[in-house]
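Engineer: Input file: work-v5.txt. Contents: compact mmCIF, C-alpha atoms and all ligand atoms.
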```txt
# COMPACT_ATOMS: atom_id res chain seq x y z
CA MET A 314 -3.05 24.09 14.88
CA LYS A 315 -3.72 22.58 11.50
CA PRO A 316 -2.00 25.18 9.29
CA ASN A 317 1.16 25.14 11.40
CA ASN A 318 1.54 21.43 11.36
CA LEU A 319 0.77 21.06 7.71
CA THR A 320 3.25 23.81 6.95
CA ARG A 321 5.81 21.92 8.98
CA ILE A 322 5.43 18.83 6.86
CA ILE A 323 5.21 20.77 3.62
CA GLY A 324 8.30 22.70 4.66
CA LYS A 325 10.11 19.41 4.86
CA VAL A 326 8.73 18.21 1.60
CA ASP A 327 12.18 17.95 0.08
CA ASP A 328 13.10 15.47 2.78
CA LEU A 329 10.10 13.29 2.14
CA PRO A 330 11.08 9.79 1.12
CA THR A 331 11.84 9.60 -2.55
CA LEU A 332 11.42 6.74 -4.90
CA PRO A 333 14.53 5.28 -6.52
CA ARG A 334 15.65 6.81 -9.80
CA THR A 335 15.17 3.49 -11.58
CA PHE A 336 11.53 3.46 -10.56
CA LEU A 337 10.98 6.88 -12.09
CA LYS A 338 12.74 5.82 -15.27
CA ILE A 339 10.56 2.72 -15.42
CA THR A 340 7.38 4.76 -14.88
CA GLU A 341 8.44 6.97 -17.76
CA LEU A 342 8.93 3.95 -20.01
CA VAL A 343 5.65 2.37 -18.96
CA ASN A 344 3.78 5.57 -19.70
CA SER A 345 5.33 6.06 -23.13
CA PRO A 346 3.51 4.31 -25.96
CA LYS A 347 6.79 4.12 -27.88
CA SER A 348 8.71 1.96 -25.44
CA SER A 349 9.12 -1.76 -25.96
CA ALA A 350 9.58 -4.73 -23.65
CA GLN A 351 13.24 -4.61 -24.64
CA ASP A 352 13.67 -1.00 -23.45
CA LEU A 353 12.14 -1.85 -20.13
CA ALA A 354 14.20 -5.03 -19.77
CA ARG A 355 17.38 -3.01 -20.38
CA VAL A 356 16.64 -0.58 -17.55
CA ILE A 357 15.78 -3.36 -15.14
CA THR A 358 18.72 -5.61 -15.94
CA ASP A 359 21.07 -2.67 -15.37
CA ASP A 360 20.16 -3.02 -11.73
CA GLN A 361 21.18 -6.40 -10.35
CA ILE A 362 19.22 -6.17 -7.13
CA LEU A 363 16.09 -5.13 -8.95
CA THR A 364 16.51 -8.00 -11.40
CA ALA A 365 16.89 -10.52 -8.60
CA ARG A 366 13.84 -9.15 -6.79
CA LEU A 367 11.72 -9.12 -9.89
CA LEU A 368 12.50 -12.73 -10.75
CA LYS A 369 11.89 -13.76 -7.17
CA LEU A 370 8.51 -12.05 -7.11
CA VAL A 371 7.49 -13.34 -10.52
CA ASN A 372 8.27 -16.88 -9.46
CA SER A 373 6.41 -16.58 -6.18
CA SER A 374 3.04 -18.05 -5.40
CA PHE A 375 1.47 -14.60 -5.87
CA TYR A 376 1.36 -15.29 -9.61
CA GLY A 377 1.38 -19.05 -9.53
CA PHE A 378 2.87 -19.55 -13.00
CA PRO A 379 3.39 -23.25 -13.66
CA ARG A 380 6.85 -22.78 -15.18
CA ARG A 381 9.87 -20.92 -13.87
CA VAL A 382 10.43 -17.49 -15.36
CA SER A 383 14.15 -17.01 -15.73
CA THR A 384 14.57 -13.80 -17.71
CA VAL A 385 13.46 -10.23 -17.17
CA ARG A 386 12.06 -10.17 -20.70
CA GLY A 387 10.06 -13.27 -20.00
CA ALA A 388 8.69 -11.63 -16.87
CA ILE A 389 7.68 -8.50 -18.79
CA VAL A 390 5.98 -10.47 -21.55
CA LEU A 391 4.04 -12.57 -19.04
CA LEU A 392 2.99 -9.81 -16.66
CA GLY A 393 2.78 -6.72 -18.82
CA PHE A 394 4.21 -3.24 -18.23
CA ASP A 395 1.82 -2.03 -15.55
CA ALA A 396 2.25 -5.11 -13.42
CA ILE A 397 6.03 -4.73 -13.57
CA ARG A 398 5.81 -1.11 -12.48
CA ASN A 399 3.57 -2.08 -9.59
CA LEU A 400 5.86 -4.90 -8.53
CA LEU A 401 8.79 -2.54 -8.46
CA LEU A 402 6.80 0.02 -6.55
CA THR A 403 6.03 -2.70 -4.00
CA THR A 404 9.69 -3.45 -3.44
CA SER A 405 10.55 0.26 -3.22
CA ILE A 406 7.90 0.77 -0.57
CA PHE A 407 9.29 -2.16 1.34
CA ASP A 408 12.69 -0.45 1.36
CA LEU A 409 11.08 2.64 2.75
CA PHE A 410 9.74 0.68 5.69
CA SER A 411 12.93 -1.22 6.40
CA ASN A 412 15.45 1.61 5.92
CA MET A 413 14.05 3.76 8.66
CA ASN A 414 16.02 3.96 11.87
CA ARG A 415 15.67 1.45 14.65
CA LYS A 416 13.40 3.55 16.79
CA GLY A 417 9.84 2.33 16.61
CA LYS A 418 10.89 -0.85 14.82
CA PHE A 419 8.08 -2.91 16.31
CA GLN A 420 5.43 -0.34 15.35
CA ARG A 421 6.83 -0.25 11.84
CA GLU A 422 6.85 -3.99 11.43
CA GLN A 423 3.29 -4.17 12.67
CA LEU A 424 2.33 -1.48 10.20
CA TRP A 425 4.13 -3.30 7.40
CA ASP A 426 2.19 -6.48 8.20
CA HIS A 427 -1.04 -4.48 8.31
CA SER A 428 -0.23 -2.89 4.94
CA LEU A 429 0.76 -6.18 3.35
CA GLY A 430 -2.33 -7.86 4.79
CA CYS A 431 -4.49 -5.10 3.36
CA ALA A 432 -2.76 -5.47 -0.02
CA VAL A 433 -3.44 -9.20 -0.04
CA GLY A 434 -7.03 -8.59 1.10
CA ALA A 435 -7.59 -6.05 -1.67
CA LYS A 436 -6.23 -8.54 -4.19
CA VAL A 437 -8.55 -11.30 -2.93
CA ILE A 438 -11.62 -9.02 -2.88
CA GLY A 439 -10.65 -7.76 -6.35
CA GLY A 440 -10.57 -11.37 -7.51
CA TYR A 441 -14.10 -11.93 -6.20
CA LEU A 442 -15.31 -8.86 -8.03
CA LYS A 443 -13.46 -9.84 -11.22
CA TYR A 444 -11.67 -6.51 -10.99
CA ASP A 445 -9.19 -6.37 -13.86
CA LYS A 446 -6.31 -4.39 -12.33
CA ILE A 447 -5.29 -6.78 -9.60
CA GLU A 448 -1.69 -5.56 -9.19
CA GLU A 449 -2.86 -1.99 -8.96
CA ILE A 450 -5.33 -2.73 -6.20
CA PHE A 451 -2.64 -4.73 -4.40
CA VAL A 452 -0.32 -1.72 -4.47
CA ALA A 453 -3.16 0.55 -3.31
CA GLY A 454 -3.64 -1.71 -0.27
CA LEU A 455 0.06 -1.63 0.42
CA LEU A 456 0.16 2.16 0.29
CA HIS A 457 -3.12 3.06 1.99
CA ASP A 458 -1.55 3.99 5.34
CA ILE A 459 1.70 5.44 3.98
CA GLY A 460 0.81 8.74 5.67
CA LYS A 461 1.50 7.06 9.02
CA ILE A 462 5.11 6.45 7.94
CA VAL A 463 5.47 10.13 7.10
CA GLU A 464 4.09 11.07 10.52
CA MET A 465 6.52 8.69 12.23
CA LEU A 466 9.41 10.23 10.28
CA PHE A 467 8.54 13.91 10.43
CA LEU A 468 6.28 14.39 13.41
CA PRO A 469 7.75 11.91 15.90
CA LYS A 470 6.63 13.87 18.98
CA GLU A 471 3.09 14.24 17.75
CA PHE A 472 3.09 10.62 16.69
CA GLN A 473 3.98 9.60 20.24
CA LYS A 474 1.17 11.82 21.55
CA ILE A 475 -1.25 10.15 19.15
CA ALA A 476 -0.09 6.70 20.33
CA ALA A 477 -0.51 7.72 23.98
CA LEU A 478 -4.00 9.06 23.32
CA ILE A 479 -5.01 5.83 21.60
CA GLU A 480 -3.64 3.84 24.51
CA ALA A 481 -5.41 5.99 27.13
CA LYS A 482 -8.78 6.32 25.45
CA ASP A 483 -8.96 3.26 23.19
CA ILE A 484 -9.95 5.36 20.19
CA LEU A 485 -9.34 5.08 16.47
CA MET A 486 -6.10 6.44 15.08
CA VAL A 487 -7.96 8.91 12.86
CA THR A 488 -9.77 10.30 15.91
CA ALA A 489 -6.51 10.72 17.81
CA GLU A 490 -4.84 12.32 14.77
CA GLU A 491 -7.69 14.77 14.38
CA SER A 492 -7.33 15.83 17.98
CA VAL A 493 -3.49 16.09 18.02
CA LEU A 494 -2.78 17.26 14.47
CA GLY A 495 -6.08 18.49 13.09
CA TYR A 496 -5.78 16.18 10.08
CA THR A 497 -5.20 12.47 9.43
CA HIS A 498 -2.71 10.11 7.80
CA ALA A 499 -5.05 9.91 4.80
CA GLU A 500 -4.35 13.57 3.99
CA VAL A 501 -0.65 13.18 4.64
CA GLY A 502 -0.56 10.06 2.45
CA LYS A 503 -2.32 11.91 -0.33
CA MET A 504 0.36 14.58 -0.20
CA LEU A 505 3.13 12.03 -0.48
CA ALA A 506 1.39 10.18 -3.31
CA GLU A 507 1.06 13.45 -5.22
CA ARG A 508 4.69 14.22 -4.61
CA TRP A 509 5.59 10.83 -6.05
CA ASN A 510 3.42 11.57 -9.08
CA LEU A 511 1.49 8.36 -8.53
CA PRO A 512 -1.54 7.82 -10.78
CA SER A 513 -4.61 9.77 -9.71
CA LYS A 514 -6.44 6.53 -8.90
CA LEU A 515 -3.85 5.66 -6.24
CA VAL A 516 -3.92 9.20 -4.86
CA HIS A 517 -7.70 8.98 -4.48
CA ILE A 518 -7.65 5.55 -2.84
CA ILE A 519 -5.02 6.66 -0.31
CA ALA A 520 -6.89 9.89 0.43
CA HIS A 521 -10.29 8.23 0.88
CA HIS A 522 -9.70 4.74 2.26
CA HIS A 523 -11.63 5.76 5.39
CA GLY A 524 -14.42 7.43 3.40
CA PRO A 525 -14.79 5.79 -0.02
CA PRO A 526 -17.83 7.86 -1.10
CA HIS A 527 -15.46 10.85 -1.39
CA ALA A 528 -13.28 9.04 -3.93
CA GLY A 529 -15.53 10.02 -6.86
CA LYS A 530 -15.09 7.74 -9.83
CA PHE A 531 -12.67 5.58 -7.85
CA ILE A 532 -15.25 4.68 -5.22
CA GLN A 533 -15.12 0.97 -6.05
CA GLU A 534 -11.33 0.82 -5.62
CA ALA A 535 -11.47 2.85 -2.40
CA ALA A 536 -14.23 0.55 -1.13
CA ILE A 537 -12.11 -2.54 -1.85
CA VAL A 538 -9.22 -1.14 0.18
CA HIS A 539 -11.59 0.07 2.90
CA LEU A 540 -13.04 -3.43 3.33
CA ALA A 541 -9.60 -5.07 3.18
CA ASP A 542 -8.37 -2.68 5.90
CA ILE A 543 -11.25 -3.67 8.19
CA LEU A 544 -10.87 -7.39 7.49
CA CYS A 545 -7.16 -7.21 8.37
CA ARG A 546 -8.09 -5.79 11.74
CA ALA A 547 -10.81 -8.40 12.19
CA VAL A 548 -8.35 -11.26 11.74
CA ASP A 549 -5.46 -9.55 13.52
CA ILE A 550 -2.98 -9.27 10.68
CA GLY A 551 -0.42 -6.74 11.90
CA SER A 552 -1.58 -3.48 13.41
CA GLY A 553 -2.43 -0.09 11.96
CA GLY A 554 -1.66 1.54 15.30
CA ASP A 555 -4.96 1.18 17.16
CA ARG A 556 -7.09 -1.66 18.43
CA LYS A 557 -10.50 -0.32 17.71
CA MET A 558 -12.55 -1.58 14.81
CA PRO A 559 -13.74 1.19 12.48
CA SER A 560 -17.25 0.75 11.19
CA LEU A 561 -17.75 -0.42 7.65
CA CYS A 562 -19.01 2.37 5.42
CA GLN A 563 -22.49 1.38 4.27
CA THR A 564 -22.19 3.04 0.87
CA ALA A 565 -18.83 1.30 0.31
CA TRP A 566 -20.38 -2.06 1.16
CA GLU A 567 -23.29 -1.47 -1.21
CA THR A 568 -20.89 -0.42 -3.96
CA LEU A 569 -19.06 -3.72 -3.72
CA GLN A 570 -22.22 -5.82 -4.04
CA LEU A 571 -20.74 -8.69 -2.11
CA LYS A 572 -22.79 -11.10 -0.06
CA VAL A 573 -22.24 -11.49 3.67
CA SER A 574 -21.54 -15.16 2.95
CA ASP A 575 -18.57 -14.11 0.73
CA ILE A 576 -16.70 -12.72 3.70
CA GLU A 577 -15.69 -16.03 5.25
CA PRO A 578 -14.04 -17.46 2.12
CA ILE A 579 -12.43 -14.06 1.41
CA VAL A 580 -10.89 -14.01 4.87
CA GLY A 581 -9.73 -17.62 4.49
CA GLU A 582 -7.98 -16.85 1.21
CA MET A 583 -6.54 -13.68 2.67
CA GLU A 584 -4.95 -15.47 5.60
CA ALA A 585 -3.51 -18.24 3.42
CA GLU A 586 -2.07 -15.77 0.90
CA PHE A 587 -0.67 -13.57 3.63
CA GLU A 588 1.29 -16.56 4.94
CA ASP A 589 2.60 -17.34 1.45
CA ILE A 590 3.52 -13.80 0.56
CA GLY A 591 5.25 -13.22 3.89
CA LEU A 592 7.70 -15.89 2.86
CA PHE A 593 9.06 -13.90 -0.04
CA VAL A 594 8.40 -10.29 0.89
CA ASN A 595 10.68 -10.30 3.87
CA HIS A 596 13.98 -8.81 4.88
CA SER A 597 15.94 -11.10 2.59
CA LEU A 598 14.61 -9.25 -0.42
FE FE B 1 -5.87 4.27 7.45
FE FE B 2 -5.09 0.71 7.56
```
Output the structure of this file as structure tokens.

Structural biologist:
Amino acid sequence: MKPNNLTRIIGKVDDLPTLPRTFLKITELVNSPKSSAQDLARVITDDQILTARLLKLVNSSFYGFPRRVSTVRGAIVLLGFDAIRNLLLTTSIFDLFSNMNRKGKFQREQLWDHSLGCAVGAKVIGGYLKYDKIEEIFVAGLLHDIGKIVEMLFLPKEFQKIAALIEAKDILMVTAEESVLGYTHAEVGKMLAERWNLPSKLVHIIAHHHGPPHAGKFIQEAAIVHLADILCRAVDIGSGGDRKMPSLCQTAWETLQLKVSDIEPIVGEMEAEFEDIGLFVNHSL
């Protein structure tokens, strides 16, 4: 069953959601040592919607800058190139969720909340660990279940079967996927991330968010997202498609070196930030 299904998705690879041209252009600029803040500002300001979104995000409580940032250049100088790329990736992903057809709207919104909650959780855990790439880990949280979106889009029948199986047997989504498809959303997500040429770190986190020890040198990042995913379920932020609580990977937990007593304040911060962020990452963007 596995080869057929995978071939089906791969066969449709040209139809897989694409990232906006501007995003690709920006990635190119960010990756080139020769480009300046001015070059990047020029590309962004060419796109009015992008400019408005960027300024809105930069002035949100996510960053908590004391003064208003009113120019794209100012935003770039304050946040740096990588953060800008990640912010723009965030808004592009949001479009992907909201542009899909009406069918399954509720499921999608629940999944969006779950993804956003996981992103916020990863950011909070990253803060506890003094992890230096906070935006990156936020984006990783946002993207971790992107494979589920691909399944909804390209394997709608199978996706319904998976949902029915979860409902009937109260099992984890990954278990239901294994039995219907022979693979999981983690593998599908990995494929999409590779197609988008995302950095290898993101590809690894998406591929191994259910099994961080397989993420090699990115085990810490995968463990952060793994824990954030579980905490989101524990406090009922959105829904990843099932109601069962996956068990926390012991090796991932040991990698993080957190104390059990850290969990309560982490969850508290997560819930508060989720409320805040929901106010600006919504359909008015
Ligand atoms: Fe997942
Ligand atoms: Fe998840």

Engineer: Pick out the residues no farther than 12 Å from ligand FE 2 (chain B), counting all atoms listed in the file, and list them as a tab-separated table (two decimals) with C-alpha atoms, in the coordinates of the input.

Structural biologist:
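Dumped everything to result.tsv:
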```tsv
chain	number	residue	atom	x	y	z
A	423	GLN	CA	3.29	-4.17	12.67
A	424	LEU	CA	2.33	-1.48	10.20
A	425	TRP	CA	4.13	-3.30	7.40
A	426	ASP	CA	2.19	-6.48	8.20
A	427	HIS	CA	-1.04	-4.48	8.31
A	428	SER	CA	-0.23	-2.89	4.94
A	429	LEU	CA	0.76	-6.18	3.35
A	430	GLY	CA	-2.33	-7.86	4.79
A	431	CYS	CA	-4.49	-5.10	3.36
A	432	ALA	CA	-2.76	-5.47	-0.02
A	434	GLY	CA	-7.03	-8.59	1.10
A	435	ALA	CA	-7.59	-6.05	-1.67
A	453	ALA	CA	-3.16	0.55	-3.31
A	454	GLY	CA	-3.64	-1.71	-0.27
A	455	LEU	CA	0.06	-1.63	0.42
A	456	LEU	CA	0.16	2.16	0.29
A	457	HIS	CA	-3.12	3.06	1.99
A	458	ASP	CA	-1.55	3.99	5.34
A	459	ILE	CA	1.70	5.44	3.98
A	460	GLY	CA	0.81	8.74	5.67
A	461	LYS	CA	1.50	7.06	9.02
A	462	ILE	CA	5.11	6.45	7.94
A	485	LEU	CA	-9.34	5.08	16.47
A	486	MET	CA	-6.10	6.44	15.08
A	487	VAL	CA	-7.96	8.91	12.86
A	497	THR	CA	-5.20	12.47	9.43
A	498	HIS	CA	-2.71	10.11	7.80
A	499	ALA	CA	-5.05	9.91	4.80
A	502	GLY	CA	-0.56	10.06	2.45
A	518	ILE	CA	-7.65	5.55	-2.84
A	519	ILE	CA	-5.02	6.66	-0.31
A	520	ALA	CA	-6.89	9.89	0.43
A	521	HIS	CA	-10.29	8.23	0.88
A	522	HIS	CA	-9.70	4.74	2.26
A	523	HIS	CA	-11.63	5.76	5.39
A	538	VAL	CA	-9.22	-1.14	0.18
A	539	HIS	CA	-11.59	0.07	2.90
A	540	LEU	CA	-13.04	-3.43	3.33
A	541	ALA	CA	-9.60	-5.07	3.18
A	542	ASP	CA	-8.37	-2.68	5.90
A	543	ILE	CA	-11.25	-3.67	8.19
A	544	LEU	CA	-10.87	-7.39	7.49
A	545	CYS	CA	-7.16	-7.21	8.37
A	546	ARG	CA	-8.09	-5.79	11.74
A	547	ALA	CA	-10.81	-8.40	12.19
A	549	ASP	CA	-5.46	-9.55	13.52
A	550	ILE	CA	-2.98	-9.27	10.68
A	551	GLY	CA	-0.42	-6.74	11.90
A	552	SER	CA	-1.58	-3.48	13.41
A	553	GLY	CA	-2.43	-0.09	11.96
A	554	GLY	CA	-1.66	1.54	15.30
A	555	ASP	CA	-4.96	1.18	17.16
A	556	ARG	CA	-7.09	-1.66	18.43
A	557	LYS	CA	-10.50	-0.32	17.71
A	558	MET	CA	-12.55	-1.58	14.81
A	559	PRO	CA	-13.74	1.19	12.48
```

Engineer: So which one's closest to Ala365 in chain A, A:Ala481, A:Ile475, A:Leu401, A:Val463? Using all atoms listed in the file, please.

Structural biologist: A:Leu401

Engineer: Between CA of Arg421 in chain A and CA of Ile339 in chain A, what distance in Å does the model show, to one decimal?

Structural biologist: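 Interatomic distance, CA of Arg421 in chain A to CA of Ile339 in chain A: 27.7 Å.
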
Engineer: Using only C-alpha atoms, what does the table of range 374-401 of chain A residues within 10 Å of range 350-357 of chain A look like, with each row giving the shortest atom pair and its distance in Å to one decimal, sorted by chain and ascending number, as a tab-separated table?

Structural biologist:
```
residue	atom	partner	partner_atom	distance
A:Thr384	CA	A:Ala354	CA	9.0
A:Val385	CA	A:Ala354	CA	5.9
A:Arg386	CA	A:Ala354	CA	5.6
A:Gly387	CA	A:Ala354	CA	9.2
A:Ala388	CA	A:Ala354	CA	9.1
A:Ile389	CA	A:Ala350	CA	6.4
A:Val390	CA	A:Ala350	CA	7.1
A:Gly393	CA	A:Ala350	CA	8.6
A:Phe394	CA	A:Ala350	CA	7.8
A:Ile397	CA	A:Leu353	CA	9.4
A:Arg398	CA	A:Leu353	CA	10.0
A:Leu401	CA	A:Ile357	CA	9.7
```

Engineer: Of the candidates A:Ser383, A:Asn510, A:Thr564, A:Gln473, which one gets nearest to Val493 in chain A if we count only C-alpha atoms?

Structural biologist: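 Among the listed residues, the smallest separation from Val493 in chain A belongs to A:Gln473.
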
Engineer: Taking all atoms listed in the file into account, name the residue in A:Gln533, A:Ser345, A:Ser374, A:Ser574 that is nearest to Leu442 in chain A.

Structural biologist: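 Under the stated criterion, the closest residue is A:Gln533.
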
Engineer: Given the choices A:Glu586, A:Glu577, A:Glu500, A:Glu507, which gets closest to ligand FE 1 (chain B) if the distance is worked out from only C-alpha atoms and all ligand atoms?

Structural biologist: A:Glu500

Engineer: Which one is closest to ligand FE 1 (chain B): A:Val501, A:Val580, A:Phe531, A:Asp395? Count only C-alpha atoms and all ligand atoms.

Structural biologist: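 Nearest candidate to ligand FE 1 (chain B) out of A:Val501, A:Val580, A:Phe531, A:Asp395: A:Val501.
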
Engineer: Just the number, please: distance in Å from CA of Gly529 in chain A to CA of Glu448 in chain A, one decimal.

Structural biologist: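 A separation of 21.0 Å between them.
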
Engineer: Identify which of the residues A:Ile537, A:Val548, A:Val382, A:Leu342 lies closest to Val437 in chain A, counting only C-alpha atoms when measuring atom-to-atom distances.

Structural biologist: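 Nearest to Val437 in chain A: A:Ile537.
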
Engineer: Enter the distance from CA of Val433 in chain A to CA of Val452 in chain A, in Å, rounded to one decimal.

Structural biologist: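 Taking CA of Val433 in chain A as the start and CA of Val452 in chain A as the end point, the length is 9.2 Å.
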
Engineer: Return as AutoDock Vina command-line options the centre and edge lengths, in Å with one decimal, of the box along x, y and z that encloses every atom of range 364-369 of chain A in the file, padded by 4 Å per side.

Structural biologist:
```
--center_x 14.3 --center_y -10.9 --center_z -9.1 --size_x 13.2 --size_y 13.8 --size_z 12.6
```

Engineer: Need the shell around Ala506 in chain A: protein/DNA/RNA residues with any atom at most 8 Å away, counting only C-alpha atoms. Skip same-chain ones fewer than 5 positions apart. Format as a list in words?

Structural biologist: Leu511, Leu515, Val516 and Ile519 of chain A

Engineer: For range 383-409 of chain A, where the input has fewer atoms than it should, I would like N, CA and C atoms rebuilt and written as a JSON list (two decimals), in the frame of the given file.

Structural biologist:
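New file part.json:
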```json
[["chain", "number", "residue", "atom", "x", "y", "z"],
["A", 383, "SER", "N", 12.75, -17.22, -16.06],
["A", 383, "SER", "CA", 14.15, -17.01, -15.73],
["A", 383, "SER", "C", 14.76, -15.75, -16.32],
["A", 384, "THR", "N", 14.01, -15.04, -17.17],
["A", 384, "THR", "CA", 14.57, -13.80, -17.71],
["A", 384, "THR", "C", 13.64, -12.62, -17.45],
["A", 385, "VAL", "N", 14.24, -11.44, -17.39],
["A", 385, "VAL", "CA", 13.46, -10.23, -17.17],
["A", 385, "VAL", "C", 12.48, -10.02, -18.33],
["A", 386, "ARG", "N", 12.96, -10.31, -19.54],
["A", 386, "ARG", "CA", 12.06, -10.17, -20.70],
["A", 386, "ARG", "C", 10.85, -11.08, -20.59],
["A", 387, "GLY", "N", 11.14, -12.30, -20.18],
["A", 387, "GLY", "CA", 10.06, -13.27, -20.00],
["A", 387, "GLY", "C", 9.04, -12.75, -18.99],
["A", 388, "ALA", "N", 9.56, -12.16, -17.91],
["A", 388, "ALA", "CA", 8.69, -11.63, -16.87],
["A", 388, "ALA", "C", 7.82, -10.51, -17.43],
["A", 389, "ILE", "N", 8.43, -9.64, -18.24],
["A", 389, "ILE", "CA", 7.68, -8.50, -18.79],
["A", 389, "ILE", "C", 6.59, -8.99, -19.75],
["A", 390, "VAL", "N", 6.95, -9.95, -20.58],
["A", 390, "VAL", "CA", 5.98, -10.47, -21.55],
["A", 390, "VAL", "C", 4.80, -11.12, -20.81],
["A", 391, "LEU", "N", 5.10, -11.88, -19.78],
["A", 391, "LEU", "CA", 4.04, -12.57, -19.04],
["A", 391, "LEU", "C", 3.15, -11.63, -18.25],
["A", 392, "LEU", "N", 3.77, -10.65, -17.60],
["A", 392, "LEU", "CA", 2.99, -9.81, -16.66],
["A", 392, "LEU", "C", 2.47, -8.52, -17.27],
["A", 393, "GLY", "N", 3.18, -8.00, -18.25],
["A", 393, "GLY", "CA", 2.78, -6.72, -18.82],
["A", 393, "GLY", "C", 3.46, -5.56, -18.09],
["A", 394, "PHE", "N", 3.50, -4.41, -18.75],
["A", 394, "PHE", "CA", 4.21, -3.24, -18.23],
["A", 394, "PHE", "C", 3.69, -2.75, -16.88],
["A", 395, "ASP", "N", 2.38, -2.61, -16.78],
["A", 395, "ASP", "CA", 1.82, -2.03, -15.55],
["A", 395, "ASP", "C", 2.12, -2.89, -14.34],
["A", 396, "ALA", "N", 2.01, -4.20, -14.54],
["A", 396, "ALA", "CA", 2.25, -5.11, -13.42],
["A", 396, "ALA", "C", 3.70, -5.00, -12.96],
["A", 397, "ILE", "N", 4.61, -4.86, -13.92],
["A", 397, "ILE", "CA", 6.03, -4.73, -13.57],
["A", 397, "ILE", "C", 6.25, -3.46, -12.75],
["A", 398, "ARG", "N", 5.66, -2.37, -13.22],
["A", 398, "ARG", "CA", 5.81, -1.11, -12.48],
["A", 398, "ARG", "C", 5.29, -1.27, -11.05],
["A", 399, "ASN", "N", 4.15, -1.92, -10.92],
["A", 399, "ASN", "CA", 3.57, -2.08, -9.59],
["A", 399, "ASN", "C", 4.41, -2.99, -8.70],
["A", 400, "LEU", "N", 4.98, -4.02, -9.30],
["A", 400, "LEU", "CA", 5.86, -4.90, -8.53],
["A", 400, "LEU", "C", 7.06, -4.13, -8.00],
["A", 401, "LEU", "N", 7.61, -3.30, -8.88],
["A", 401, "LEU", "CA", 8.79, -2.54, -8.46],
["A", 401, "LEU", "C", 8.43, -1.49, -7.42],
["A", 402, "LEU", "N", 7.25, -0.94, -7.55],
["A", 402, "LEU", "CA", 6.80, 0.02, -6.55],
["A", 402, "LEU", "C", 6.67, -0.70, -5.20],
["A", 403, "THR", "N", 6.16, -1.91, -5.23],
["A", 403, "THR", "CA", 6.03, -2.70, -4.00],
["A", 403, "THR", "C", 7.37, -2.86, -3.31],
["A", 404, "THR", "N", 8.40, -3.22, -4.09],
["A", 404, "THR", "CA", 9.69, -3.45, -3.44],
["A", 404, "THR", "C", 10.30, -2.13, -2.96],
["A", 405, "SER", "N", 10.02, -1.04, -3.68],
["A", 405, "SER", "CA", 10.55, 0.26, -3.22],
["A", 405, "SER", "C", 9.91, 0.67, -1.91],
["A", 406, "ILE", "N", 8.62, 0.40, -1.78],
["A", 406, "ILE", "CA", 7.90, 0.77, -0.57],
["A", 406, "ILE", "C", 8.44, -0.05, 0.60],
["A", 407, "PHE", "N", 8.74, -1.31, 0.29],
["A", 407, "PHE", "CA", 9.29, -2.16, 1.34],
["A", 407, "PHE", "C", 10.59, -1.57, 1.86],
["A", 408, "ASP", "N", 11.43, -1.06, 0.94],
["A", 408, "ASP", "CA", 12.69, -0.45, 1.36],
["A", 408, "ASP", "C", 12.44, 0.72, 2.31],
["A", 409, "LEU", "N", 11.41, 1.47, 1.96],
["A", 409, "LEU", "CA", 11.08, 2.64, 2.75],
["A", 409, "LEU", "C", 10.78, 2.24, 4.21]]
```
